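As structure tokens, the structure follows; a few thoughts come after it.
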Amino acid sequence: MPDSLLNGAYRFSVAPMMDYTDRHFRVLMRQVTRRSLLYTEMVVAQALHHSERLERLIGFDPCEHPLALQVGGDDPQLLAEAARLAAERGYDEINLNVGCPSEKVQKGRFGACLMAEPAHVARCVEAMAAATPLPVTVKHRIGIDERDSYGELLAFVDALAAAGCARFSVHARKAWLEGLDPKQNRTIPPLRYELVHQLKQDRPQLRIELNGGLQDLQTCQQQLQQVDGVMVGRAAYDHPLRWAAVDRELFDDPSQPQATASTVVRGVIPYAERWCSSGGRLWAIARHLVQVVEGVSGARHWRRDLGQAAGERSAGPEVLEQAAQQLEARGL
């Protein structure tokens, strides 16, 4: 699928986050923004060999489009297989993780440590691009350890662009592969937006997306004057309704009413009915929904009541119906 068929969805995207951006949270975010690009959690390419686990690993609901599958790995053949599978399963894009600094990921020889091997990453991208019609994109850091010069970043991007990378999602922090855990690597290394801006200026023909530290819509609008897209992570998960104006403000699309807490909960109910009827537990969905109410009196009690009711093994969509009615009664 040509990148153009994504209709510029990468202008605003929700970053892939382990244990957060599962299929249930993505359905929640679709009630907030219909135009943005969503990502799966990272899936290790080797795990996709086990066909009996495919639905659990990479299954999704049609309402989640546009949707990118993020994979981790360093074997060109396995990554090419993952790219073919992404197209067969109906994804809109496949993304290679070259940014995760966790020790577990390093032991698997993928993630941020691969930034030390641009030629090898380029071979992986080339194999993926040859195997699928989908856009192949890469999420990476501005550097690792002491290898954090702008020249090294530019050489890395050039190698991947020549191999067929369609877009670069750049976390504007370097990663320390030793001494910092993943959480610290998201906060301690300083943000260097100017390097990402320079990258776009020096390679205007490339699609460059900025990730890291973006907390509100105004900041995203400012950054979009310098880059092609913005990617938001924790702020999207912790404060989903903060982004309710994204479609109108960033995509010039006022066709949908702006989301509220009650419309988000009510919008998820049809999906919850499908999920629960297939044997899934409601808590898997409700654990994300508690994030949609904040900053109002009674929010803590509403979250507690929802969590308790949804935590019952027999809980079904009627719990969400009641939660939506409570919000509607308060005009939320």
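Quick note on naming: the chains in the structure tokens go A, B, ... in the order shown, residues restart at 1 in each chain, and ligands are numbered from 1 in order of appearance.
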Self-check item: Shell around Ala47 (chain A) at 10 Å using only C-alpha atoms, local window under 3 positions removed, as a ChimeraX atom specification
Solution: /A:43-44,50-51,53-54,57,71-72,78,82
Could you name the residues that touch region 83-88 of chain A at 6 Å or less, counting only C-alpha atoms, but leaving out those on the same chain fewer than 4 positions away, as an mmCIF file with all heavy atoms, in the first residue's frame?
```
data_model
loop_
_atom_site.group_PDB
_atom_site.id
_atom_site.type_symbol
_atom_site.label_atom_id
_atom_site.label_comp_id
_atom_site.auth_asym_id
_atom_site.auth_seq_id
_atom_site.Cartn_x
_atom_site.Cartn_y
_atom_site.Cartn_z
ATOM 1 N N MET A 128 12.319 -6.226 4.222
ATOM 2 C CA MET A 128 10.911 -5.958 4.531
ATOM 3 C C MET A 128 10.223 -5.262 3.365
ATOM 4 O O MET A 128 9.115 -5.619 2.977
ATOM 5 C CB MET A 128 10.806 -5.114 5.791
ATOM 6 C CG MET A 128 11.293 -5.811 7.049
ATOM 7 S SD MET A 128 11.496 -4.685 8.471
ATOM 8 C CE MET A 128 9.769 -4.362 8.879
ATOM 9 N N ALA A 131 9.294 -7.443 0.573
ATOM 10 C CA ALA A 131 8.330 -8.499 0.881
ATOM 11 C C ALA A 131 6.892 -8.006 0.981
ATOM 12 O O ALA A 131 5.978 -8.827 1.063
ATOM 13 C CB ALA A 131 8.717 -9.182 2.190
ATOM 14 N N THR A 132 6.669 -6.697 0.975
ATOM 15 C CA THR A 132 5.323 -6.191 1.235
ATOM 16 C C THR A 132 5.037 -4.926 0.443
ATOM 17 O O THR A 132 5.954 -4.143 0.170
ATOM 18 C CB THR A 132 5.140 -5.903 2.743
ATOM 19 O OG1 THR A 132 3.806 -5.460 2.988
ATOM 20 C CG2 THR A 132 6.104 -4.821 3.219
#
```
Self-check item: DSSP-assigned alpha helix (DSSP H) among region 261-306 of chain A, expressed as a count of residues only
Solution: 32
Exercise. Could you tell me which of A:Ala130, A:Trp176, A:Asn95, A:Ala166 comes closest to Ala112 (chain A) if we count only C-alpha atoms?
Key: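 Under the stated criterion, the closest residue is A:Trp176.
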Quiz prompt | Two-atom distance - CA of Lys174 (chain A), CA of Arg147 (chain A) (Å) | solution =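 CA of Arg147 (chain A) lies 8.8 Å from CA of Lys174 (chain A).
Assigned to strand (DSSP E) in region 115-310 of chain A, given DSSP computed from backbone atoms, are Val136, Thr137, Val138, Lys139, His140, Arg141, Arg167, Phe168, Ser169, Val170, His171, Ile208, Glu209, Leu210, Asn211, Gly229, Val230, Met231 and Val232 of chain A.
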Quiz item: So what do you get for CA of Glu41 (chain A) versus CA of Gln225 (chain A), distance-wise?
Solution: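 If I compute the distance from CA of Glu41 (chain A) to CA of Gln225 (chain A), I get 28.4 Å.
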Quiz item: Hey, what's within 7 Å of region 314-317 of chain A if we count only C-alpha atoms and toss same-chain stuff fewer than 4 positions away? As a list in words, please?
Solution: Ile269, Ala272, Glu273, Cys276, Leu282, Ala309, Ala310 and Glu321 of chain A
